[in-house]
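K.L.:
Okay, so here is input_17.csv, and as you'll see once you scroll down, it has CSV, C-alpha atoms and all ligand atoms.
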chain,number,residue,atom,x,y,z
A,58,MET,CA,2.6,-25.5,-14.0
A,59,GLY,CA,-0.8,-26.2,-15.7
A,60,ASP,CA,-1.8,-24.0,-18.6
A,61,GLY,CA,-1.8,-20.7,-16.7
A,62,LEU,CA,1.0,-18.4,-15.8
A,63,THR,CA,3.1,-18.7,-12.7
A,64,VAL,CA,5.3,-15.8,-11.5
A,65,LEU,CA,7.7,-15.4,-8.6
A,66,GLY,CA,7.7,-12.0,-7.0
A,67,ILE,CA,10.3,-10.2,-4.8
A,68,GLU,CA,9.5,-7.2,-2.5
A,69,THR,CA,12.5,-5.3,-1.0
A,70,SER,CA,11.4,-1.7,-1.3
A,71,CYS,CA,11.4,-0.9,2.4
A,72,ASP,CA,11.9,-2.9,5.6
A,73,GLU,CA,10.2,-6.2,4.6
A,74,THR,CA,12.0,-8.9,2.6
A,75,ALA,CA,9.2,-10.9,0.9
A,76,VAL,CA,9.0,-13.6,-1.8
A,77,ALA,CA,5.9,-15.2,-3.2
A,78,VAL,CA,4.8,-17.5,-6.0
A,79,VAL,CA,1.5,-16.9,-7.6
A,80,SER,CA,-0.4,-18.8,-10.3
A,81,GLU,CA,-3.4,-17.6,-12.4
A,82,ARG,CA,-5.2,-20.9,-13.0
A,83,PRO,CA,-7.7,-22.4,-12.3
A,84,VAL,CA,-8.2,-19.2,-10.2
A,85,PRO,CA,-5.6,-16.8,-9.0
A,86,THR,CA,-3.7,-18.7,-6.3
A,87,ILE,CA,-1.0,-17.9,-3.8
A,88,ARG,CA,1.3,-20.9,-3.8
A,89,ALA,CA,3.8,-19.4,-1.3
A,90,ASN,CA,3.9,-16.0,0.4
A,91,LEU,CA,6.9,-15.6,2.7
A,92,ILE,CA,7.8,-12.4,4.5
A,93,ARG,CA,10.7,-11.5,6.9
A,94,SER,CA,10.3,-8.2,8.8
A,95,GLN,CA,13.4,-6.2,9.7
A,96,LEU,CA,11.8,-4.8,12.9
A,97,VAL,CA,14.6,-6.2,15.0
A,98,GLU,CA,17.3,-4.6,12.9
A,99,HIS,CA,15.8,-1.1,12.9
A,100,ALA,CA,14.4,-1.0,16.4
A,101,PRO,CA,17.5,0.5,18.1
A,102,TYR,CA,17.4,3.4,15.7
A,103,GLY,CA,13.7,4.4,16.0
A,104,GLY,CA,13.2,4.2,12.2
A,105,VAL,CA,14.3,2.4,9.0
A,106,VAL,CA,18.0,2.8,8.3
A,107,PRO,CA,18.4,2.4,4.5
A,108,GLU,CA,21.9,0.8,4.6
A,109,ILE,CA,20.8,-1.7,7.3
A,110,ALA,CA,17.7,-2.5,5.3
A,111,ALA,CA,19.7,-3.2,2.1
A,112,ARG,CA,22.1,-5.4,4.0
A,113,ALA,CA,19.3,-7.4,5.7
A,114,HIS,CA,17.6,-7.9,2.3
A,115,LEU,CA,20.9,-9.2,0.9
A,116,ASP,CA,21.4,-11.6,3.9
A,117,HIS,CA,17.9,-13.2,3.7
A,118,LEU,CA,16.7,-13.0,0.1
A,119,ASP,CA,18.4,-16.2,-1.3
A,120,ASP,CA,17.0,-18.3,1.6
A,121,LEU,CA,13.5,-16.8,1.1
A,122,VAL,CA,13.5,-17.5,-2.6
A,123,ALA,CA,14.6,-21.1,-2.0
A,124,ARG,CA,11.9,-21.6,0.6
A,125,ALA,CA,9.2,-20.0,-1.5
A,126,LEU,CA,10.0,-22.3,-4.5
A,127,ALA,CA,10.0,-25.3,-2.2
A,128,GLU,CA,6.7,-24.4,-0.6
A,129,ALA,CA,5.2,-23.7,-4.0
A,130,ASP,CA,6.5,-27.1,-5.1
A,131,CYS,CA,8.2,-25.8,-8.2
A,132,ASP,CA,11.6,-24.9,-9.5
A,133,LEU,CA,12.8,-22.1,-11.8
A,134,SER,CA,11.9,-24.0,-14.9
A,135,ASP,CA,8.2,-24.0,-13.8
A,136,LEU,CA,8.1,-20.2,-13.7
A,137,ASP,CA,6.8,-18.1,-16.5
A,138,GLY,CA,8.4,-14.9,-15.2
A,139,VAL,CA,10.3,-13.3,-12.3
A,140,ALA,CA,9.0,-10.0,-10.9
A,141,ALA,CA,10.6,-7.5,-8.5
A,142,ALA,CA,9.5,-4.2,-7.0
A,143,SER,CA,11.7,-1.8,-8.9
A,144,GLY,CA,10.4,1.4,-7.2
A,145,PRO,CA,9.4,3.6,-5.6
A,146,GLY,CA,11.3,2.9,-2.4
A,147,LEU,CA,14.8,2.8,-0.8
A,148,ILE,CA,17.4,2.5,-3.5
A,149,GLY,CA,19.6,-0.1,-1.8
A,150,GLY,CA,16.8,-2.5,-1.2
A,151,LEU,CA,15.4,-2.0,-4.7
A,152,ILE,CA,18.8,-2.8,-6.2
A,153,VAL,CA,19.1,-6.0,-4.1
A,154,GLY,CA,15.6,-7.3,-5.0
A,155,SER,CA,15.7,-6.4,-8.7
A,156,THR,CA,19.2,-7.8,-9.1
A,157,VAL,CA,18.3,-11.1,-7.6
A,158,ALA,CA,15.1,-11.2,-9.7
A,159,LYS,CA,17.1,-10.4,-12.9
A,160,GLY,CA,19.6,-13.2,-12.0
A,161,LEU,CA,16.9,-15.7,-11.6
A,162,ALA,CA,15.2,-14.5,-14.9
A,163,TRP,CA,18.5,-14.8,-16.7
A,164,ALA,CA,19.4,-18.2,-15.3
A,165,SER,CA,16.0,-19.6,-16.2
A,166,GLY,CA,15.6,-17.8,-19.5
A,167,LYS,CA,12.2,-16.4,-18.3
A,168,PRO,CA,11.1,-12.7,-18.6
A,169,PHE,CA,11.9,-10.2,-15.9
A,170,LEU,CA,9.1,-7.9,-14.8
A,171,ALA,CA,9.9,-4.5,-13.2
A,172,VAL,CA,6.9,-3.8,-10.9
A,173,ASN,CA,5.8,-0.5,-9.5
A,174,HIS,CA,5.2,-1.2,-5.8
A,175,LEU,CA,2.2,1.2,-5.8
A,176,GLU,CA,0.7,-0.6,-8.8
A,177,ALA,CA,1.2,-3.8,-6.9
A,178,HIS,CA,-0.9,-2.4,-4.0
A,179,ALA,CA,-3.4,-1.2,-6.6
A,180,LEU,CA,-3.8,-4.6,-8.3
A,181,ALA,CA,-3.6,-6.8,-5.2
A,182,VAL,CA,-7.4,-6.8,-4.9
A,183,ARG,CA,-7.7,-8.6,-8.2
A,184,LEU,CA,-5.6,-11.5,-6.8
A,185,ALA,CA,-8.2,-11.9,-4.1
A,186,GLN,CA,-11.3,-11.6,-6.3
A,187,PRO,CA,-12.4,-10.5,-9.8
A,188,VAL,CA,-12.7,-6.7,-9.9
A,189,ALA,CA,-13.1,-5.0,-13.2
A,190,PHE,CA,-11.6,-1.7,-14.3
A,191,PRO,CA,-12.3,1.1,-13.9
A,192,TYR,CA,-12.3,1.3,-10.1
A,193,LEU,CA,-11.7,4.1,-7.6
A,194,LEU,CA,-8.8,3.3,-5.4
A,195,LEU,CA,-7.9,4.7,-2.0
A,196,LEU,CA,-4.2,3.8,-1.6
A,197,ALA,CA,-3.1,4.5,2.0
A,198,SER,CA,0.2,3.1,3.2
A,199,GLY,CA,3.2,4.2,5.2
A,200,GLY,CA,4.7,6.2,2.3
A,201,HIS,CA,1.6,7.2,0.3
A,202,SER,CA,-2.0,8.5,0.5
A,203,GLN,CA,-3.6,8.8,-2.8
A,204,LEU,CA,-7.0,8.6,-4.5
A,205,LEU,CA,-6.7,7.2,-8.0
A,206,VAL,CA,-8.9,6.0,-10.8
A,207,CYS,CA,-7.5,2.7,-12.1
A,208,THR,CA,-8.5,2.1,-15.7
A,209,GLY,CA,-6.1,-0.6,-16.6
A,210,ILE,CA,-2.6,-2.1,-16.1
A,211,GLY,CA,-0.2,0.9,-16.1
A,212,ARG,CA,-3.1,3.3,-16.3
A,213,HIS,CA,-3.8,5.1,-13.1
A,214,ARG,CA,-5.0,8.7,-12.8
A,215,GLN,CA,-4.4,10.5,-9.5
A,216,LEU,CA,-7.2,12.6,-8.2
A,217,GLY,CA,-5.6,13.6,-4.9
A,218,THR,CA,-2.6,13.0,-2.7
A,219,SER,CA,-1.2,14.0,0.7
A,220,ARG,CA,0.2,17.4,1.1
A,221,ASP,CA,2.4,16.3,4.0
A,222,ASP,CA,2.4,13.0,5.9
A,223,ALA,CA,0.9,9.8,4.5
A,224,ALA,CA,-1.9,8.3,6.5
A,225,GLY,CA,0.3,5.4,7.7
A,226,GLU,CA,3.0,7.9,8.6
A,227,ALA,CA,0.4,9.7,10.7
A,228,PHE,CA,-0.5,6.4,12.5
A,229,ASP,CA,3.2,5.7,13.0
A,230,LYS,CA,4.2,9.1,14.3
A,231,THR,CA,1.3,9.5,16.7
A,232,ALA,CA,1.9,6.0,18.0
A,233,LYS,CA,5.4,6.9,18.8
A,234,LEU,CA,4.2,10.0,20.7
A,235,LEU,CA,1.9,7.7,22.7
A,236,GLY,CA,4.7,5.2,23.3
A,237,LEU,CA,2.9,2.5,21.4
A,238,GLY,CA,5.8,1.3,19.2
A,239,TYR,CA,6.1,0.4,15.5
A,240,PRO,CA,4.2,-0.1,13.2
A,241,GLY,CA,1.9,2.4,14.6
A,242,GLY,CA,-1.3,1.5,12.7
A,243,PRO,CA,-2.0,-1.9,14.3
A,244,ALA,CA,-0.8,-0.6,17.7
A,245,ILE,CA,-3.2,2.4,17.6
A,246,ALA,CA,-6.0,0.2,16.4
A,247,GLN,CA,-5.4,-2.2,19.3
A,248,ALA,CA,-5.2,0.5,22.0
A,249,ALA,CA,-8.2,2.3,20.5
A,250,LEU,CA,-10.4,-0.7,21.2
A,251,SER,CA,-11.0,0.4,24.9
A,252,GLY,CA,-10.8,4.1,24.2
A,253,ASN,CA,-13.3,7.0,24.0
A,254,PRO,CA,-12.7,8.6,20.6
A,255,ARG,CA,-14.6,11.8,21.6
A,256,ARG,CA,-12.6,12.9,24.7
A,257,PHE,CA,-9.9,14.6,22.6
A,258,PRO,CA,-11.3,16.7,19.6
A,259,LEU,CA,-8.4,16.3,17.2
A,260,PRO,CA,-8.3,18.2,13.9
A,261,ARG,CA,-9.4,16.8,10.6
A,262,PRO,CA,-7.4,18.9,8.1
A,263,LEU,CA,-9.2,19.7,4.8
A,264,LYS,CA,-12.4,17.9,5.9
A,265,GLY,CA,-15.4,19.4,4.3
A,266,ARG,CA,-13.4,21.3,1.7
A,267,PRO,CA,-13.6,20.5,-2.0
A,268,GLY,CA,-10.9,18.3,-3.7
A,269,CYS,CA,-9.3,15.0,-2.9
A,270,ASP,CA,-6.0,15.9,-1.2
A,271,PHE,CA,-5.1,14.9,2.3
A,272,SER,CA,-3.2,16.6,5.1
A,273,PHE,CA,-2.2,14.9,8.4
A,274,SER,CA,0.6,16.9,9.9
A,275,GLY,CA,-1.8,19.0,12.1
A,276,LEU,CA,-2.9,15.9,13.7
A,277,LYS,CA,0.5,15.0,14.9
A,278,THR,CA,1.0,18.4,16.4
A,279,ALA,CA,-2.3,18.2,18.2
A,280,VAL,CA,-1.4,14.8,19.7
A,281,ARG,CA,2.0,16.1,20.8
A,282,GLN,CA,0.3,19.0,22.6
A,283,ALA,CA,-2.3,16.8,24.2
A,284,VAL,CA,0.5,14.4,25.5
A,285,ALA,CA,2.4,17.4,26.8
A,286,ALA,CA,-0.6,18.8,28.5
A,287,ALA,CA,-1.4,15.5,30.1
A,288,GLY,CA,2.0,15.2,31.7
A,289,GLU,CA,1.9,11.5,32.3
A,290,LEU,CA,0.2,9.0,30.0
A,291,ASP,CA,-1.8,6.4,31.8
A,292,ALA,CA,-3.6,3.5,30.1
A,293,GLU,CA,-7.0,5.2,29.8
A,294,LEU,CA,-5.5,8.4,28.4
A,295,THR,CA,-3.5,6.4,25.9
A,296,ALA,CA,-6.5,4.5,24.8
A,297,ASP,CA,-8.6,7.6,24.5
A,298,LEU,CA,-6.0,9.4,22.4
A,299,ALA,CA,-5.4,6.3,20.2
A,300,ALA,CA,-9.2,6.1,19.6
A,301,ALA,CA,-9.3,9.8,18.8
A,302,VAL,CA,-6.3,9.5,16.3
A,303,GLU,CA,-7.9,6.5,14.6
A,304,MET,CA,-11.2,8.2,14.2
A,305,ALA,CA,-9.6,11.5,13.0
A,306,ILE,CA,-7.6,9.6,10.3
A,307,CYS,CA,-10.6,7.6,9.3
A,308,ASP,CA,-12.8,10.7,9.1
A,309,THR,CA,-10.3,12.5,6.9
A,310,LEU,CA,-9.8,9.5,4.6
A,311,VAL,CA,-13.6,8.9,4.2
A,312,ASP,CA,-14.3,12.6,3.6
A,313,ARG,CA,-11.8,12.9,0.8
A,314,THR,CA,-12.8,9.5,-0.6
A,315,ALA,CA,-16.4,10.8,-0.7
A,316,ASN,CA,-15.4,13.7,-2.9
A,317,ALA,CA,-13.4,11.4,-5.2
A,318,LEU,CA,-16.4,9.0,-5.5
A,319,ARG,CA,-18.7,11.8,-6.6
A,320,TRP,CA,-16.2,12.7,-9.3
A,321,PHE,CA,-15.7,9.0,-10.2
A,322,ARG,CA,-19.4,8.4,-10.6
A,323,GLN,CA,-19.8,11.4,-12.8
A,324,HIS,CA,-16.8,10.7,-15.1
A,325,HIS,CA,-16.9,6.9,-15.0
A,326,PRO,CA,-20.5,5.9,-14.8
A,327,GLU,CA,-19.6,2.4,-15.9
A,328,GLY,CA,-17.4,1.9,-12.7
A,329,THR,CA,-19.0,-0.1,-9.9
A,330,THR,CA,-16.4,-0.4,-7.2
A,331,LEU,CA,-14.5,1.4,-4.5
A,332,VAL,CA,-11.2,-0.4,-3.6
A,333,ALA,CA,-8.9,0.3,-0.6
A,334,ALA,CA,-5.3,-0.9,-0.6
A,335,GLY,CA,-2.0,-0.4,1.2
A,336,GLY,CA,-1.2,-1.1,4.9
A,337,VAL,CA,-3.7,1.4,6.3
A,338,ALA,CA,-6.5,-0.5,4.4
A,339,ALA,CA,-5.9,-3.4,6.9
A,340,ASN,CA,-7.6,-1.2,9.5
A,341,THR,CA,-11.0,-2.7,10.5
A,342,ARG,CA,-12.7,0.6,11.3
A,343,LEU,CA,-11.6,2.2,8.1
A,344,ARG,CA,-12.9,-0.8,6.1
A,345,ALA,CA,-16.3,-0.6,7.8
A,346,ARG,CA,-16.6,3.1,7.2
A,347,LEU,CA,-15.6,2.8,3.5
A,348,ALA,CA,-18.2,0.0,3.1
A,349,VAL,CA,-20.9,2.3,4.4
A,350,LEU,CA,-19.8,5.2,2.2
A,351,ALA,CA,-19.7,3.0,-0.9
A,352,ALA,CA,-23.1,1.6,-0.2
A,353,GLU,CA,-24.5,5.1,0.3
A,354,MET,CA,-23.2,5.9,-3.2
A,355,GLY,CA,-24.6,2.7,-4.7
A,356,LEU,CA,-21.1,1.2,-5.3
A,357,ASP,CA,-19.5,-2.0,-4.1
A,358,PHE,CA,-16.6,-1.8,-1.7
A,359,VAL,CA,-13.7,-4.3,-1.7
A,360,ALA,CA,-10.3,-4.5,-0.1
A,361,PRO,CA,-7.8,-7.3,-0.2
A,362,PRO,CA,-7.5,-9.4,3.0
A,363,PRO,CA,-5.2,-7.6,5.5
A,364,VAL,CA,-2.2,-9.8,4.7
A,365,LEU,CA,-2.4,-8.5,1.1
A,366,CYS,CA,-2.8,-4.9,2.2
A,367,THR,CA,0.5,-4.5,4.0
A,368,ASP,CA,3.7,-5.1,2.0
A,369,ASN,CA,4.0,-8.6,0.7
A,370,GLY,CA,5.5,-10.6,-2.2
A,371,ALA,CA,2.2,-12.0,-3.5
A,372,MET,CA,1.1,-8.5,-4.7
A,373,ILE,CA,4.4,-8.1,-6.6
A,374,ALA,CA,4.1,-11.5,-8.2
A,375,TRP,CA,0.5,-10.8,-9.1
A,376,ALA,CA,1.3,-7.4,-10.6
A,377,GLY,CA,4.1,-9.1,-12.6
A,378,LEU,CA,1.7,-11.7,-13.8
A,379,GLU,CA,-0.9,-9.1,-14.9
A,380,ARG,CA,1.9,-7.4,-16.9
A,381,LEU,CA,3.2,-10.6,-18.3
A,382,ARG,CA,-0.1,-11.7,-19.7
A,383,ARG,CA,-0.2,-8.4,-21.6
A,384,GLY,CA,3.3,-8.9,-22.9
A,385,LEU,CA,4.7,-6.0,-20.7
A,386,THR,CA,8.1,-7.5,-19.9
A,387,ASP,CA,11.3,-5.6,-19.1
A,388,ALA,CA,14.9,-5.8,-20.2
A,389,LEU,CA,17.5,-7.1,-17.8
A,390,ASP,CA,19.1,-3.6,-17.7
A,391,ALA,CA,15.8,-2.0,-16.5
A,392,PRO,CA,16.7,0.6,-13.9
A,393,VAL,CA,15.4,0.8,-10.3
A,394,ARG,CA,13.3,4.0,-9.7
A,395,PRO,CA,13.4,5.3,-6.1
A,396,ARG,CA,10.7,7.8,-7.2
A,397,TRP,CA,8.1,6.4,-9.5
A,398,PRO,CA,4.7,8.0,-9.4
A,399,LEU,CA,1.8,5.9,-10.6
A,400,ASP,CA,0.3,8.8,-12.6
A,401,PRO,CA,3.1,10.2,-14.8
A,402,SER,CA,1.5,13.7,-14.6
A,403,ASP,CA,1.8,13.6,-10.8
A,404,ASP,CA,4.2,16.5,-10.0
A,405,GLY,CA,3.0,17.2,-6.5
A,406,ALA,CA,-0.3,18.2,-5.0
A,407,ALA,CA,-0.1,21.8,-6.2
A,408,ALA,CA,-0.3,21.0,-9.9
A,409,ARG,CA,-3.6,19.5,-11.1
A,410,PRO,CA,-4.4,19.1,-14.8
A,411,ALA,CA,-7.8,20.3,-15.9
A,412,GLY,CA,-10.7,17.9,-15.3
A,413,ARG,CA,-9.6,16.7,-11.9
A,414,PRO,CA,-11.3,17.6,-8.7
A,415,THR,CA,-9.9,20.9,-7.4
A,501,LIG,O1,1.7,-0.8,2.6
A,501,LIG,P1,2.6,-0.9,3.8
A,501,LIG,O2,2.9,-2.2,4.5
A,501,LIG,O3,4.0,-0.3,3.5
A,501,LIG,C1,4.2,0.8,2.7
A,501,LIG,O4,4.2,0.7,1.4
A,501,LIG,O5,4.3,1.9,3.2
A,501,LIG,O6,2.0,0.1,4.9
A,501,LIG,C2,2.6,0.3,6.1
A,501,LIG,C3,1.7,1.2,6.9
A,501,LIG,C4,2.3,1.6,8.3
A,501,LIG,O7,2.3,3.0,8.4
A,501,LIG,C5,1.4,0.9,9.3
A,501,LIG,O8,1.3,1.6,10.5
A,501,LIG,C6,0.1,1.0,8.5
A,501,LIG,O9,0.4,0.7,7.2
A,501,LIG,N1,-0.8,-0.1,9.0
A,501,LIG,C7,-2.0,0.2,9.6
A,501,LIG,C8,-2.6,-1.1,10.0
A,501,LIG,N2,-1.7,-2.1,9.6
A,501,LIG,C9,-0.6,-1.4,9.0
A,501,LIG,N3,-2.7,1.3,9.8
A,501,LIG,C10,-3.9,1.3,10.4
A,501,LIG,N4,-4.4,0.1,10.9
A,501,LIG,C11,-3.8,-1.1,10.6
A,501,LIG,N5,-4.4,-2.2,11.1
A,502,ZN,ZN,3.6,-0.7,0.4
As structure tokens - that is how I would like this structure written.
Ligand code: KG4
Ligand code: ZN

P.N.:
Amino acid sequence: MGDGLTVLGIETSCDETAVAVVSERPVPTIRANLIRSQLVEHAPYGGVVPEIAARAHLDHLDDLVARALAEADCDLSDLDGVAAASGPGLIGGLIVGSTVAKGLAWASGKPFLAVNHLEAHALAVRLAQPVAFPYLLLLASGGHSQLLVCTGIGRHRQLGTSRDDAAGEAFDKTAKLLGLGYPGGPAIAQAALSGNPRRFPLPRPLKGRPGCDFSFSGLKTAVRQAVAAAGELDAELTADLAAAVEMAICDTLVDRTANALRWFRQHHPEGTTLVAAGGVAANTRLRARLAVLAAEMGLDFVAPPPVLCTDNGAMIAWAGLERLRRGLTDALDAPVRPRWPLDPSDDGAAARPAGRPT
């Protein structure tokens, strides 16, 4: 496959089965990027059921791999490595994805790459365009809200994290309260288009305080109370509440990111870029706000295209490729890791090693 590396990547850490093939030459290229959502399977239960997720990954993965290879116009012998998200995530899905990847790696005699799903989000931007280390990363997804300094592959230092719900979780839970369905982020963003964000003054926990941690649970409670007080939700009320939620979450994310940026500029004066990643980074308003913030601080702002922000196989393949070209391959008995923090010293928001924002 030319003289650059080509890697197949498998994502099965939550409720999306995704397979992609990515090549690095002449420029990083997505040759195939297939995704099958499990929305239908989980809808009757109002949330992701781990056993159902694992079963659905198992049922559809082989077919997706075959289709991705066909679309990329390659076979196993053309690959240089096979990557799978090996954590963090739901253990059943992780086992399915990494076992299939290991089987393909063994059958083709190519290296296996155990990818950290969070690192895949962190590196996805480099698949879309050249971004040099170090960069400050706002990683906001359904399971995680973190501010990190990314200084290299496998080298990420956490400046702050959520003390309760993740930003995406806040979107999903408030959307549920508003009867807007799942996933909540896009549903809230859509409903918010016609809403007045100032009608309901929702809380912005920790805003204006020092440090880079987040908190979103107060927001959920305030929305629940507003819905109860309203009695019945009509379209206007729903739009106004959705707009207020979107603005409150964006305000909080931007405020904490501003603190992290100040720290980043001071400690990494060579760094030039603020990056946003994870499903919430697909949000148009958030992207616009972060672009303004970065410009105010004299930095560039970049985020991957929305399709590379939400969970996908291309980011797993790309993170695998970045590891492979540094020789960071894994053995076929590499374990899956349901808990796998990006920063090994991350033992919860309460404990902060010296030198990080307090
Ligand atoms: O990264 P992701 O696909 O999965 C995890 O690793 O968690 O993120 C999913 C999250 C969901 O909470 C979803 O509501 C949120 O990302 N999301 C959005 C948007 N698109 C997805 N949140 C706000 N605005 C969006 N446009
Ligand atoms: Zn994710």

K.L.:
When you draw a straight line from atom CA of Gly377 of chain A to atom CA of Leu65 of chain A, how long is it in Å?

P.N.:
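Interatomic distance here is 8.3 Å.
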
K.L.:
Tell me which of A:Cys71, A:Ile152, A:Ala111, A:Ala89 sits closest to ligand ZN 502 (chain A), counting all atoms listed in the file.

P.N.:
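Nearest candidate to ligand ZN 502 (chain A) out of A:Cys71, A:Ile152, A:Ala111, A:Ala89: A:Cys71.
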
K.L.:
Check every protein, DNA and RNA residue against ligand ZN 502 (chain A), keep those with an atom at most 12 Å away (counting only C-alpha atoms and all ligand atoms), and present them as a VMD selection string.

P.N.:
chain A and resid 68 to 75 142 144 to 147 173 to 179 181 196 to 202 223 225 to 226 334 to 339 364 to 370 372 to 373

K.L.:
Let me see the file: selected residues, C-alpha atoms, as a PDB file, keeping the file's coordinate frame.

P.N.:
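Saved file out30.pdb follows:
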ATOM      1  CA  GLU A  68       9.500  -7.200  -2.500  1.00  0.00           C
ATOM      2  CA  THR A  69      12.500  -5.300  -1.000  1.00  0.00           C
ATOM      3  CA  SER A  70      11.400  -1.700  -1.300  1.00  0.00           C
ATOM      4  CA  CYS A  71      11.400  -0.900   2.400  1.00  0.00           C
ATOM      5  CA  ASP A  72      11.900  -2.900   5.600  1.00  0.00           C
ATOM      6  CA  GLU A  73      10.200  -6.200   4.600  1.00  0.00           C
ATOM      7  CA  THR A  74      12.000  -8.900   2.600  1.00  0.00           C
ATOM      8  CA  ALA A  75       9.200 -10.900   0.900  1.00  0.00           C
ATOM      9  CA  ALA A 142       9.500  -4.200  -7.000  1.00  0.00           C
ATOM     10  CA  GLY A 144      10.400   1.400  -7.200  1.00  0.00           C
ATOM     11  CA  PRO A 145       9.400   3.600  -5.600  1.00  0.00           C
ATOM     12  CA  GLY A 146      11.300   2.900  -2.400  1.00  0.00           C
ATOM     13  CA  LEU A 147      14.800   2.800  -0.800  1.00  0.00           C
ATOM     14  CA  ASN A 173       5.800  -0.500  -9.500  1.00  0.00           C
ATOM     15  CA  HIS A 174       5.200  -1.200  -5.800  1.00  0.00           C
ATOM     16  CA  LEU A 175       2.200   1.200  -5.800  1.00  0.00           C
ATOM     17  CA  GLU A 176       0.700  -0.600  -8.800  1.00  0.00           C
ATOM     18  CA  ALA A 177       1.200  -3.800  -6.900  1.00  0.00           C
ATOM     19  CA  HIS A 178      -0.900  -2.400  -4.000  1.00  0.00           C
ATOM     20  CA  ALA A 179      -3.400  -1.200  -6.600  1.00  0.00           C
ATOM     21  CA  ALA A 181      -3.600  -6.800  -5.200  1.00  0.00           C
ATOM     22  CA  LEU A 196      -4.200   3.800  -1.600  1.00  0.00           C
ATOM     23  CA  ALA A 197      -3.100   4.500   2.000  1.00  0.00           C
ATOM     24  CA  SER A 198       0.200   3.100   3.200  1.00  0.00           C
ATOM     25  CA  GLY A 199       3.200   4.200   5.200  1.00  0.00           C
ATOM     26  CA  GLY A 200       4.700   6.200   2.300  1.00  0.00           C
ATOM     27  CA  HIS A 201       1.600   7.200   0.300  1.00  0.00           C
ATOM     28  CA  SER A 202      -2.000   8.500   0.500  1.00  0.00           C
ATOM     29  CA  ALA A 223       0.900   9.800   4.500  1.00  0.00           C
ATOM     30  CA  GLY A 225       0.300   5.400   7.700  1.00  0.00           C
ATOM     31  CA  GLU A 226       3.000   7.900   8.600  1.00  0.00           C
ATOM     32  CA  ALA A 334      -5.300  -0.900  -0.600  1.00  0.00           C
ATOM     33  CA  GLY A 335      -2.000  -0.400   1.200  1.00  0.00           C
ATOM     34  CA  GLY A 336      -1.200  -1.100   4.900  1.00  0.00           C
ATOM     35  CA  VAL A 337      -3.700   1.400   6.300  1.00  0.00           C
ATOM     36  CA  ALA A 338      -6.500  -0.500   4.400  1.00  0.00           C
ATOM     37  CA  ALA A 339      -5.900  -3.400   6.900  1.00  0.00           C
ATOM     38  CA  VAL A 364      -2.200  -9.800   4.700  1.00  0.00           C
ATOM     39  CA  LEU A 365      -2.400  -8.500   1.100  1.00  0.00           C
ATOM     40  CA  CYS A 366      -2.800  -4.900   2.200  1.00  0.00           C
ATOM     41  CA  THR A 367       0.500  -4.500   4.000  1.00  0.00           C
ATOM     42  CA  ASP A 368       3.700  -5.100   2.000  1.00  0.00           C
ATOM     43  CA  ASN A 369       4.000  -8.600   0.700  1.00  0.00           C
ATOM     44  CA  GLY A 370       5.500 -10.600  -2.200  1.00  0.00           C
ATOM     45  CA  MET A 372       1.100  -8.500  -4.700  1.00  0.00           C
ATOM     46  CA  ILE A 373       4.400  -8.100  -6.600  1.00  0.00           C
TER      47      ILE A 373
END

K.L.:
Grab the atom CA of Arg342 of chain A to atom CA of Thr314 of chain A distance for me, in Å with one decimal place.

P.N.:
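Value for the atom CA of Arg342 of chain A-atom CA of Thr314 of chain A distance: 14.9 Å.
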
K.L.:
Rounded to one decimal, what separation in Å do you get between atom CA of Pro243 of chain A and atom N1 of ligand LIG 501 (chain A)?

P.N.:
5.7 Å

K.L.:
Determine the nearest neighbour of ligand LIG 501 (chain A) from the options A:Leu294, A:Val172, A:Ala391, A:Ala227, counting only C-alpha atoms and all ligand atoms.

P.N.:
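Nearest to ligand LIG 501 (chain A): A:Ala227.
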
K.L.:
Need to verify the contact set: Leu298 of chain A, 9 Å, all atoms listed in the file, exclusion of same-chain residues closer than 4 positions in sequence. Can you return it as a list of chain:residue names?

P.N.:
A:Leu235, A:Ile245, A:Ala248, A:Ala249, A:Gly252, A:Asn253, A:Pro254, A:Arg255, A:Arg256, A:Phe257, A:Leu259, A:Val280, A:Ala283, A:Val284, A:Glu293, A:Leu294, A:Val302, A:Glu303

K.L.:
Ranking A:Arg124, A:Arg382, A:Leu290, A:Arg396 by minimum distance to Leu237 of chain A and counting only C-alpha atoms, which one comes first?

P.N.:
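Of the candidates, the smallest distance to Leu237 of chain A is held by A:Leu290.
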
K.L.:
Restricting the calculation to all atoms listed in the file, which member of A:Thr309, A:Thr156, A:Thr295, A:Thr341 is positioned closest to Lys233 of chain A?

P.N.:
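Among A:Thr309, A:Thr156, A:Thr295, A:Thr341, it is A:Thr295 that comes nearest to Lys233 of chain A.
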
K.L.:
Smallest atom-to-atom distance to ligand LIG 501 (chain A): which of A:Gly104, A:Gly241, A:Gly236, A:Gly268, using only C-alpha atoms and all ligand atoms?

P.N.:
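The closest residue to ligand LIG 501 (chain A) is A:Gly241.
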
K.L.:
Kindly indicate which residue among A:Ala129, A:Cys269, A:Val105, A:Ala388 lies nearest to ligand LIG 501 (chain A), using all atoms listed in the file for the distances.

P.N.:
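Checking each candidate against ligand LIG 501 (chain A), we get A:Val105 as the closest.
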